[in-house]
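K.L.:
Attaching a single structure in structure tokens format; questions to follow.
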Amino acid sequence: MNIGYLLLVPLIPLLVFLLLGVFNKRITPAVSGLIGVAGLAVSTGLSYYAAFQYFFVAAKVEGAYQAFVLKGVWMRFTETLHIDMGLLIDPISVMMLVVVSTISLMVHIYSRGYMKGDAGYTRFFAFLSLFTFSMYGLVLATNLFQIYIFWELVGVSSFLLIGYYYTKHSAVAAAKKAFIVTRFADFGFLIGILIIGFYTGTFDFESLNDPQGPAILHWASTSFMGLSAISWALILMFMGGAGKSALFPLHIWLPDAMEGPTPVSALIHAATMVVAGVYLVARLFPLYFFVDEGFVLQIVAYVGAFSSLFAAIIAITQTDIKRILAFSTMSQIGFMMMALGVSGFAGHEGIGYMASMFHLFTHAMFKALLFLGAGSVIHAVHSNNLLQMGGLRNYMPITNITFLIAALAIAGVPPLAGFWSKDEILVAAFAASPLIYGIGVVVAGLTAFYMFRLYFGIFWGKETRYAHAPHESPLSMTGPLLVLAVLSAVVGFIPFSQFVAADRIGFVAQLHWELAGVAVAVGLLGIGLAWRFYKTENALAGRFAQGFGPLYTWASHKFYLDELYLFVTRQLIFKRISAPIAYIDKKWVDGSMEGIGNKTVLIASKIKGLQSGRLQDYAFAFIGGVVLLALVFVYLWTL
Amino acid sequence: MDLSTLLLMRHEGILLLITLLLLGADLFMPAGKRSSLVHLALLLFGLHTALGFLPMEESSLFGGMFRSTPLIYFFKNALNIGVFILLLQSADWVKEKILQQQRGAEFFLLLFFSLLGMYFMISAGDFLMFYIGLELSTLPLAALAAYEIGKRQSSEAGIKLVLSAGLASGVSLFGISMLYATTGSIYFEAIIGVLSSSPLAILGMLLFFAGLAFKISLVPFHFWTADVYEGSPIPVASFLSVISKGAAVFILMILLFTVLKPLMPVWENLVYGLALLTMFVGNLFALRQQNMKRFLAFSSVAQAGFILLGLITGSQLGTATVVYFVLIYIFSNLAAFGVVQAISLQTGKENMDDYEGLYRTNPLLSLVMLLALFSLAGIPPVAGFFGKFFLFTAAASEGYYLLVFLAVVNATISLYYYLLVVRAMFVRKGEHPVPYFRNAGYMRLGLAITVIGILVLGLYSPLYDYIFELSAALK
């Protein structure tokens, strides 16, 4: 399969970014929006074409999908260790291409309506293109270093977009928080990469993941503190992934990131960038699976499961509709990680891997839809606060229906997309551990509950009086909603397990009726409870919350984790460690440097007189210099 | 010997030819059309520069008096490019002089003769040829320094240059005679075999060294530099600081690494001491200069100190780093002088204060200056960083850690005064900033070439590899 044309997929958004960035002031908003959408439409078309070619046309070898690589050496350290730049086409990268393209295109179209009239319209589209370019680069990376470079670029564009409203203090703070927290996590990632490079002598995914390759065969030869060094590297890289994917305890940036414009939240903080961590683990899955008999995968599974439960509980108590969605995202990503963590490798045992990718795919559709729907609501009522909403079904029919479809999908109601992927995850969890399966079921119930609390709260509930009568959003916004609603309904029917599998061979997944029944029942129970509490205005929910007492307060304060971080950074690190160091730096280090500087200037002013301007002085210096040198080198030195 | 061997002196032959052509044109050109001499000179020299890149064989002529190696060709080509840029930058200035003062093409003639002298100097195979080349390269420069007839400072610069240069070449010649006395030959090839570390030989080497140190402006032989630069027209100062210095560094390096190799234990220490002295004195004086030409004069003194770090190694690595650094220095310094020239031509202003607020009125020009200063200061990723970095690597690879450390200290000091100019241009508002102006085409082309050089030379690594390869031939 010739994949050269796929170079265009990332390059077009890059060109659009440069174009819009350079001619920021000279392009009218209408044109810049059009350029952004048109550019991305081409990339999307190419991505779909590539997916079709890859899955249906290109030949399989021994039943397995082949990886296609196009790369060039960028920086060479040794014969084997070099940094390449290129494209890697395999089932998961193709799948991610489709996800990124679809969601990004929808968000681009939607933004033309949502951002209309905003002063920084062109800048917004430029940043969106930069992000899309970086995300494509991340997805298509052939090696650890390339993925790291684009990983950081994605972080930068996320920073720029969260802080898009740069005159708003909270947005700037949120942008900084997101960047610092993820950068902190990426520190682990980078060290992990360096360890891998040191011990295996390669950064290349294909050679790292080769089950017959040196990295997997010889992991045991590198022992460090009870684990192999490669395992430590994998843990550190998972730390990077956990930062990007907002897993406990590195999730604190995600809720705040909702300060960015809502389309951004849909694109970056729901469907694409936040799943980069999942993608990273999936990308290195053979390494995770074989090294130390999958020890690190267990960490992945438990961190994922815990994050999932933790976020679901918090989501119940929040009142900002975007933050509810943010915690929901965190919870669902935890789900995906959990599935990866419990997965086996070959054939049907690899169902966790498949389920994780499947859920990533379906989740991207309905979570983007939820965010865009929320954006449509915010656009209409100019508030994020759930308590100030209610009864919007009468004003916004399309938003209402599409939001409902998405909510049903995420709650796992058949036959919508979420049902299928969630079922596969629970099958994988059931096979692995009762505890993880239990957490999975509870989270499924909680998800259904908080999602319908949100849905009823917005569209039903109390009949709120609005200052301006809300109205349905324009076609540019409802169009993407409808497209995504259709996708959320149907993508579950894709026989995913035949396309994406850990061993790339694929298998036929079966529906497990008993497990599916439990999951659906729990989901319906959650929906039912939400119906009872929130469909019409009543005091039941309040009393119920009081019954939980302090637990409710804790959860609504996100378990005080932000406060804990602030305490550790401000009180302990800043005051006890940084302040003394800063003092030493200022007084001693800077002081001595300044002293040297002042002395230098002083000497310079003292010797100025030597340059008298009189030629005879110069000649004297010349001859004097020669004589002196002669004295030194002819007489003194030779003695 | 047949005439075809003369083709092996292609650089010299063509340069002489175009100089004579220009002289003829100057004589017969009607007075009203004299200004087109500028175009003619540029055209001819451009052609000459291009022809220089044609492949050529290694050769030795006139019984070894004149020799050429690929490295020498390469360096001559580098000098050609530098002179070409300089001609572009000075074209309008010369035209103005010709139009206003009814002058001829003598600016070009003198410049080309000086360059011809440098060709012979760096191709020299014996001390006689070397000395003739040295003189031929210096004397026209004294006339050029005094080119601004009627300006007292210019005449002063000319007289200072010719007197100092006379002193220096006298001392140098004295040194050569001592070397001849100990070895009995003036041919480099012959001297290599018999030179030994006798006091007379050492004294001869020292005196000879002082002569070249004068051209390179090493402390304490540098005093003429600031005064001459300040008084001379800017193109001449630029030529002195870039082309003349580059050629002198090159021949000094060749002589130290080949003929004077037996005296390496002595000149190692000599270079060590002068490197430190030159860097420190150059930098300390540069700190407080207000006139841009004086400022660049001391900056170029300090740069010469840095170059000595490559000379001290006496190795192939040293040769390569020195040639590479000089190449980058040509572009960086020409860019800086070019901006000074452009502003001086438009407004007559040459002080650092006058640059305040330049970024607001002439953003492009100030960006060129910024790049040039960054390159001179050695800030990555511009070329100057790589040049300095390689020099330091070369010195460190021979174990001169203390020297490298002190050189880094000096690089830091230099950063301070380079940033003074940057601050003036970008940070300071300035009460009377230079108004916006548009440079003529030649000047813009000249600046553009330097900018490309500054941006590309450092990152284009095959070039360094190529120089390194050429340097192997130097034994």
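Here's how to read the names in the structure tokens: chain A, B, ... by the order shown, residue numbers from 1 in each chain, ligand numbers from 1 in the order shown.
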If we count only C-alpha atoms, what is near region 323-326 of chain A at a cut-off of 12 Å, once residues fewer than 6 positions away on the same chain are taken out, given as a PyMOL selection string?
P.N.:
chain A and resi 245-247+251-260+262+265-266+268-271+274+308+311-317+332-333+366-375+384-386+406-407+410+447+449-455+457+556+558
K.L.:
When the cut-off is 6 Å and we count only C-alpha atoms, which residues of chain B are near chain A, given as a PyMOL selection string?
P.N.:
chain B and resi 199+221+223+284-285
K.L.:
Kindly save the residues from that selection, with C-alpha atoms included, as an mmCIF file, in the first residue's frame.
P.N.:
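selection-v9.cif was written with the following content:
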data_model
loop_
_atom_site.group_PDB
_atom_site.id
_atom_site.type_symbol
_atom_site.label_atom_id
_atom_site.label_comp_id
_atom_site.auth_asym_id
_atom_site.auth_seq_id
_atom_site.Cartn_x
_atom_site.Cartn_y
_atom_site.Cartn_z
ATOM 1 C CA PRO B 199 67.177 31.476 20.292
ATOM 2 C CA PHE B 221 49.627 45.231 18.231
ATOM 3 C CA PHE B 223 46.141 50.034 18.782
ATOM 4 C CA LEU B 284 36.917 45.511 27.922
ATOM 5 C CA PHE B 285 37.452 48.270 25.407
#
K.L.:
What is the CA of Met9 (chain B) to CA of Ser332 (chain B) distance in Å?
P.N.:
29.4 Å
K.L.:
Extract, using only C-alpha atoms, all DNA, RNA and protein residues at most 12 Å from Lys151 (chain B), discarding same-chain residues fewer than 6 positions from it, and format them as a count of residues only.
P.N.:
7
K.L.:
Need the shell around Val100 (chain A): protein/DNA/RNA residues with any atom at most 10 Å away, counting only C-alpha atoms. Skip same-chain ones fewer than 5 positions apart. Format as a list in words?
P.N.:
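Non-adjacent residues within range: Thr44, Ser47, Val94, Met95, Leu105, Met106, Thr132, Met135, Tyr136, Val139, Leu267, Ile268, Ala271, Thr272, Met273, Phe361 and Ala364 of chain A.
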K.L.:
Using N, CA and C atoms, can you export the residues from the last selection as a PDB file, in the first residue's frame?
P.N.:
ATOM      1  N   THR A  44      -9.653  15.014   5.989  1.00  0.00           N
ATOM      2  CA  THR A  44     -10.609  13.994   6.411  1.00  0.00           C
ATOM      3  C   THR A  44     -10.876  13.018   5.276  1.00  0.00           C
ATOM      4  N   SER A  47      -8.080  10.712   4.974  1.00  0.00           N
ATOM      5  CA  SER A  47      -8.052   9.748   6.079  1.00  0.00           C
ATOM      6  C   SER A  47      -9.055   8.628   5.826  1.00  0.00           C
ATOM      7  N   VAL A  94      -4.767   4.114  11.948  1.00  0.00           N
ATOM      8  CA  VAL A  94      -5.811   4.420  10.965  1.00  0.00           C
ATOM      9  C   VAL A  94      -7.116   4.763  11.681  1.00  0.00           C
ATOM     10  N   MET A  95      -7.418   3.979  12.714  1.00  0.00           N
ATOM     11  CA  MET A  95      -8.639   4.252  13.462  1.00  0.00           C
ATOM     12  C   MET A  95      -8.581   5.658  14.070  1.00  0.00           C
ATOM     13  N   LEU A 105     -13.297  17.811  12.085  1.00  0.00           N
ATOM     14  CA  LEU A 105     -14.093  18.437  11.021  1.00  0.00           C
ATOM     15  C   LEU A 105     -15.413  18.947  11.593  1.00  0.00           C
ATOM     16  N   MET A 106     -16.066  18.120  12.419  1.00  0.00           N
ATOM     17  CA  MET A 106     -17.333  18.539  13.019  1.00  0.00           C
ATOM     18  C   MET A 106     -17.130  19.798  13.865  1.00  0.00           C
ATOM     19  N   THR A 132      -4.855  20.266  15.322  1.00  0.00           N
ATOM     20  CA  THR A 132      -5.160  19.106  14.483  1.00  0.00           C
ATOM     21  C   THR A 132      -3.889  18.556  13.851  1.00  0.00           C
ATOM     22  N   MET A 135      -2.018  16.648  16.471  1.00  0.00           N
ATOM     23  CA  MET A 135      -2.669  15.390  16.823  1.00  0.00           C
ATOM     24  C   MET A 135      -2.434  14.351  15.726  1.00  0.00           C
ATOM     25  N   TYR A 136      -2.516  14.795  14.471  1.00  0.00           N
ATOM     26  CA  TYR A 136      -2.207  13.867  13.370  1.00  0.00           C
ATOM     27  C   TYR A 136      -0.778  13.359  13.518  1.00  0.00           C
ATOM     28  N   VAL A 139      -0.554  10.784  16.233  1.00  0.00           N
ATOM     29  CA  VAL A 139      -1.189   9.519  15.884  1.00  0.00           C
ATOM     30  C   VAL A 139      -0.329   8.725  14.901  1.00  0.00           C
ATOM     31  N   LEU A 267     -13.288  18.910  21.130  1.00  0.00           N
ATOM     32  CA  LEU A 267     -12.231  18.338  20.298  1.00  0.00           C
ATOM     33  C   LEU A 267     -11.094  17.782  21.140  1.00  0.00           C
ATOM     34  N   ILE A 268     -10.564  18.636  22.015  1.00  0.00           N
ATOM     35  CA  ILE A 268      -9.325  18.288  22.702  1.00  0.00           C
ATOM     36  C   ILE A 268      -9.595  17.519  23.975  1.00  0.00           C
ATOM     37  N   ALA A 271     -12.424  14.112  22.964  1.00  0.00           N
ATOM     38  CA  ALA A 271     -12.329  13.066  21.955  1.00  0.00           C
ATOM     39  C   ALA A 271     -10.909  12.738  21.533  1.00  0.00           C
ATOM     40  N   THR A 272     -10.027  13.701  21.495  1.00  0.00           N
ATOM     41  CA  THR A 272      -8.734  13.394  20.881  1.00  0.00           C
ATOM     42  C   THR A 272      -7.553  13.461  21.842  1.00  0.00           C
ATOM     43  N   MET A 273      -7.176  14.669  22.276  1.00  0.00           N
ATOM     44  CA  MET A 273      -5.935  14.753  23.039  1.00  0.00           C
ATOM     45  C   MET A 273      -5.979  13.931  24.317  1.00  0.00           C
ATOM     46  N   PHE A 361     -13.214   4.850  20.319  1.00  0.00           N
ATOM     47  CA  PHE A 361     -13.849   5.252  19.067  1.00  0.00           C
ATOM     48  C   PHE A 361     -15.280   5.737  19.305  1.00  0.00           C
ATOM     49  N   ALA A 364     -15.526   8.891  21.518  1.00  0.00           N
ATOM     50  CA  ALA A 364     -15.190  10.135  20.813  1.00  0.00           C
ATOM     51  C   ALA A 364     -16.448  10.722  20.185  1.00  0.00           C
TER      52      ALA A 364
END
K.L.:
Might you pull out every residue within 9 Å of region 491-496 of chain A, with only C-alpha atoms counted and same-chain residues fewer than 5 positions away left off, and present them as an NGL selection string?
P.N.:
:A and (354-355 or 357-358 or 361-362 or 365 or 415-421 or 486 or 501 or 506 or 508-509)
K.L.:
Can you pull out the residues contacting region 514-526 of chain A? Cut-off 8 Å, using only C-alpha atoms, and skip same-chain residues under 6 positions away; I want them as a PDB file with N, CA and C atoms, in the first residue's frame.
P.N.:
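Result file is part-v2.pdb:
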ATOM      1  N   ALA A 411     -24.782   5.945  28.429  1.00  0.00           N
ATOM      2  CA  ALA A 411     -25.341   5.141  29.513  1.00  0.00           C
ATOM      3  C   ALA A 411     -25.359   3.665  29.152  1.00  0.00           C
ATOM      4  N   GLY A 412     -25.053   3.358  27.915  1.00  0.00           N
ATOM      5  CA  GLY A 412     -24.963   1.954  27.517  1.00  0.00           C
ATOM      6  C   GLY A 412     -26.290   1.323  27.199  1.00  0.00           C
ATOM      7  N   VAL A 413     -27.230   2.119  26.674  1.00  0.00           N
ATOM      8  CA  VAL A 413     -28.524   1.568  26.307  1.00  0.00           C
ATOM      9  C   VAL A 413     -28.448   1.016  24.884  1.00  0.00           C
ATOM     10  N   PRO A 414     -28.810  -0.231  24.693  1.00  0.00           N
ATOM     11  CA  PRO A 414     -28.758  -0.770  23.345  1.00  0.00           C
ATOM     12  C   PRO A 414     -29.849  -0.138  22.486  1.00  0.00           C
ATOM     13  N   PHE A 419     -23.260   1.052  24.177  1.00  0.00           N
ATOM     14  CA  PHE A 419     -23.633  -0.266  24.682  1.00  0.00           C
ATOM     15  C   PHE A 419     -22.627  -1.321  24.257  1.00  0.00           C
ATOM     16  N   ASP A 423     -19.931  -3.068  26.745  1.00  0.00           N
ATOM     17  CA  ASP A 423     -20.135  -4.492  26.986  1.00  0.00           C
ATOM     18  C   ASP A 423     -18.831  -5.254  26.825  1.00  0.00           C
ATOM     19  N   LEU A 426     -16.621  -4.765  29.801  1.00  0.00           N
ATOM     20  CA  LEU A 426     -17.036  -5.524  30.986  1.00  0.00           C
ATOM     21  C   LEU A 426     -16.746  -7.018  30.808  1.00  0.00           C
ATOM     22  N   VAL A 427     -16.855  -7.497  29.579  1.00  0.00           N
ATOM     23  CA  VAL A 427     -16.502  -8.907  29.333  1.00  0.00           C
ATOM     24  C   VAL A 427     -15.027  -9.125  29.685  1.00  0.00           C
ATOM     25  N   VAL A 441     -19.070  -2.225  36.781  1.00  0.00           N
ATOM     26  CA  VAL A 441     -20.530  -2.206  36.814  1.00  0.00           C
ATOM     27  C   VAL A 441     -21.038  -0.987  37.583  1.00  0.00           C
ATOM     28  N   VAL A 442     -20.404  -0.719  38.743  1.00  0.00           N
ATOM     29  CA  VAL A 442     -20.826   0.446  39.527  1.00  0.00           C
ATOM     30  C   VAL A 442     -20.681   1.719  38.702  1.00  0.00           C
ATOM     31  N   ALA A 444     -20.708   2.019  35.538  1.00  0.00           N
ATOM     32  CA  ALA A 444     -21.721   2.046  34.481  1.00  0.00           C
ATOM     33  C   ALA A 444     -23.026   2.626  35.035  1.00  0.00           C
ATOM     34  N   GLY A 445     -23.407   2.186  36.251  1.00  0.00           N
ATOM     35  CA  GLY A 445     -24.629   2.704  36.868  1.00  0.00           C
ATOM     36  C   GLY A 445     -24.511   4.186  37.150  1.00  0.00           C
ATOM     37  N   LEU A 446     -23.368   4.590  37.751  1.00  0.00           N
ATOM     38  CA  LEU A 446     -23.164   5.999  38.092  1.00  0.00           C
ATOM     39  C   LEU A 446     -23.212   6.865  36.847  1.00  0.00           C
ATOM     40  N   THR A 447     -22.592   6.337  35.780  1.00  0.00           N
ATOM     41  CA  THR A 447     -22.548   7.106  34.530  1.00  0.00           C
ATOM     42  C   THR A 447     -23.961   7.415  34.055  1.00  0.00           C
ATOM     43  N   ALA A 448     -24.784   6.379  34.036  1.00  0.00           N
ATOM     44  CA  ALA A 448     -26.161   6.573  33.578  1.00  0.00           C
ATOM     45  C   ALA A 448     -26.858   7.603  34.467  1.00  0.00           C
ATOM     46  N   PHE A 449     -26.605   7.523  35.748  1.00  0.00           N
ATOM     47  CA  PHE A 449     -27.289   8.420  36.675  1.00  0.00           C
ATOM     48  C   PHE A 449     -26.881   9.873  36.457  1.00  0.00           C
ATOM     49  N   TYR A 450     -25.570  10.153  36.503  1.00  0.00           N
ATOM     50  CA  TYR A 450     -25.174  11.574  36.405  1.00  0.00           C
ATOM     51  C   TYR A 450     -25.472  12.133  35.035  1.00  0.00           C
TER      52      TYR A 450
END
K.L.:
I need the residues of region 252-463 of chain A that end up classed as helix (DSSP H, G or I) by DSSP on the backbone, written out as a ChimeraX atom specification.
P.N.:
/A:253-259,262-271,273-283,285-317,321-341,347-381,386-388,392-394,397-411,417-432,434-459
K.L.:
For the atom pair CA of Ala201 (chain B) and CA of Thr182 (chain B), what is the interatomic distance in Å to one decimal place?
P.N.:
6.2 Å
